[in-house]
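One structure is given here, and the rest of the page talks about it.
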Amino acid sequence: MRGVISIIAVLLVALGMTAGANRNKKEKGTECTEWKFGKCVPSAGDCGPGVREATCNEHTKRHKCKVPCNWKKDFGADCKYKFGRWEECDSATGTRSRSGTLKKALFNLDCQTTIKVSKPCTPKSKPKTSKKVKGVEN
């Protein structure tokens, strides 16, 4: 019985020491609370894995990130916007546009409050073709 109690006491002391060491590490990292994150910059080309820098006072950290390869927008993938309907086609420029208001800024980025995006006008829509449906023979 004494052996079991002494083993439990040793385990409690060991757990207390590791908890104290973890507490010191957490206190060390609390110097900065307002981290500012930059945009994700791909390592090669326009998309794929890359690095995002975060700064707080004189501290700088680099975090791994990824830019989706189908994301070619000027405002980036970290600024989320709520968009309205597309405007009618402007025959002078051959484009249509719509406005968006900032919904969410990931990583505390400085995103534009409102943005306007445009795209080329599409030609008249083609009539829908009926799809062939495979039927079961009777």
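In the structure tokens, each chain is lettered A, B, ... as it comes, each chain's residues begin at 1, and ligands are numbered from 1 in order of appearance.
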
For Cys56 in chain A: contacts at 9 Å, only C-alpha atoms, fewer than 4 positions along chain excluded, given as JSON, numbers by chain:
{"A": [32, 33, 34, 35, 36, 60, 61]}

Written file, previous selection with N, CA and C atoms, as a PDB file, in the first residue's frame:
ATOM      1  N   CYS A  32       2.610  39.962 -27.077  1.00  0.00           N
ATOM      2  CA  CYS A  32       1.862  40.592 -28.163  1.00  0.00           C
ATOM      3  C   CYS A  32       0.454  40.021 -28.215  1.00  0.00           C
ATOM      4  N   THR A  33      -0.520  40.910 -28.229  1.00  0.00           N
ATOM      5  CA  THR A  33      -1.909  40.460 -28.342  1.00  0.00           C
ATOM      6  C   THR A  33      -2.544  40.915 -29.641  1.00  0.00           C
ATOM      7  N   GLU A  34      -1.999  41.941 -30.280  1.00  0.00           N
ATOM      8  CA  GLU A  34      -2.562  42.483 -31.514  1.00  0.00           C
ATOM      9  C   GLU A  34      -1.686  42.143 -32.707  1.00  0.00           C
ATOM     10  N   TRP A  35      -1.767  40.916 -33.179  1.00  0.00           N
ATOM     11  CA  TRP A  35      -0.978  40.495 -34.343  1.00  0.00           C
ATOM     12  C   TRP A  35      -1.650  41.004 -35.599  1.00  0.00           C
ATOM     13  N   LYS A  36      -0.862  41.535 -36.525  1.00  0.00           N
ATOM     14  CA  LYS A  36      -1.340  41.963 -37.839  1.00  0.00           C
ATOM     15  C   LYS A  36      -0.792  40.989 -38.868  1.00  0.00           C
ATOM     16  N   THR A  60       8.153  39.401 -35.499  1.00  0.00           N
ATOM     17  CA  THR A  60       7.646  38.948 -36.795  1.00  0.00           C
ATOM     18  C   THR A  60       7.647  37.431 -36.819  1.00  0.00           C
ATOM     19  N   LYS A  61       6.527  36.864 -37.268  1.00  0.00           N
ATOM     20  CA  LYS A  61       6.416  35.409 -37.420  1.00  0.00           C
ATOM     21  C   LYS A  61       6.014  35.114 -38.850  1.00  0.00           C
TER      22      LYS A  61
END

Would you list the contacts of Ser43 in chain A as a tab-separated table (two decimals) with N, CA, C and O atoms, in the first residue's frame, taking every protein, DNA or RNA residue within 12 Å and counting only C-alpha atoms, but skipping same-chain residues closer than 2 positions in sequence?
chain	number	residue	atom	x	y	z
A	40	CYS	N	-1.31	36.17	-47.93
A	40	CYS	CA	-0.60	34.93	-48.25
A	40	CYS	C	0.11	35.13	-49.59
A	40	CYS	O	-0.52	35.46	-50.58
A	41	VAL	N	1.42	34.94	-49.58
A	41	VAL	CA	2.22	35.11	-50.79
A	41	VAL	C	2.71	33.73	-51.24
A	41	VAL	O	3.45	33.07	-50.51
A	45	GLY	N	4.85	31.18	-58.51
A	45	GLY	CA	3.70	31.42	-59.38
A	45	GLY	C	2.61	32.23	-58.70
A	45	GLY	O	2.86	33.00	-57.77
A	46	ASP	N	1.36	32.03	-59.18
A	46	ASP	CA	0.22	32.79	-58.68
A	46	ASP	C	-0.53	32.10	-57.56
A	46	ASP	O	-1.33	32.73	-56.87
A	47	CYS	N	-0.31	30.80	-57.39
A	47	CYS	CA	-1.10	30.07	-56.41
A	47	CYS	C	-0.28	28.92	-55.83
A	47	CYS	O	0.83	28.67	-56.25
A	48	GLY	N	-0.87	28.26	-54.85
A	48	GLY	CA	-0.22	27.13	-54.20
A	48	GLY	C	0.28	27.48	-52.82
A	48	GLY	O	-0.09	28.50	-52.24
A	49	PRO	N	1.14	26.63	-52.23
A	49	PRO	CA	1.64	26.88	-50.89
A	49	PRO	C	2.49	28.14	-50.84
A	49	PRO	O	3.18	28.48	-51.80
A	50	GLY	N	2.43	28.82	-49.70
A	50	GLY	CA	3.20	30.05	-49.55
A	50	GLY	C	3.39	30.41	-48.10
A	50	GLY	O	3.28	29.56	-47.21
A	51	VAL	N	3.67	31.69	-47.85
A	51	VAL	CA	3.96	32.17	-46.50
A	51	VAL	C	3.19	33.45	-46.23
A	51	VAL	O	3.03	34.28	-47.10
A	52	ARG	N	2.71	33.59	-44.99
A	52	ARG	CA	2.03	34.79	-44.53
A	52	ARG	C	2.83	35.33	-43.34
A	52	ARG	O	3.16	34.59	-42.43
A	64	LYS	N	2.75	29.22	-42.53
A	64	LYS	CA	2.45	28.57	-43.81
A	64	LYS	C	1.01	28.85	-44.18
A	64	LYS	O	0.14	28.94	-43.31
A	65	CYS	N	0.76	29.01	-45.47
A	65	CYS	CA	-0.59	29.23	-45.96
A	65	CYS	C	-0.69	28.69	-47.39
A	65	CYS	O	0.30	28.21	-47.93
A	66	LYS	N	-1.87	28.80	-47.98
A	66	LYS	CA	-2.06	28.30	-49.34
A	66	LYS	C	-3.05	29.20	-50.07
A	66	LYS	O	-4.10	29.55	-49.54
A	67	VAL	N	-2.68	29.59	-51.29
A	67	VAL	CA	-3.57	30.37	-52.14
A	67	VAL	C	-4.21	29.41	-53.13
A	67	VAL	O	-3.49	28.74	-53.88

Could you name the residues that touch range 97-105 of chain A at 9 Å or less, counting only C-alpha atoms, but leaving out those on the same chain fewer than 5 positions away, as a ChimeraX atom specification?
/A:78-90,110-120

Residue nearest Pro68 in chain A among A:Phe107, A:Thr93, A:Phe37, A:Pro42 (counting only C-alpha atoms):
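Smallest separation from Pro68 in chain A among the options: A:Pro42.
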
Neighbouring residues of Cys121 in chain A were defined as those with any atom within 8 Å, considering only C-alpha atoms; residues of the same chain fewer than 3 positions away were excluded. Please report them as a ChimeraX atom specification.
/A:89,94-96

Quote the spacing between CA of Thr122 in chain A and CA of Ala77 in chain A in Å to one decimal place.
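Going from CA of Thr122 in chain A over to CA of Ala77 in chain A covers 24.8 Å.
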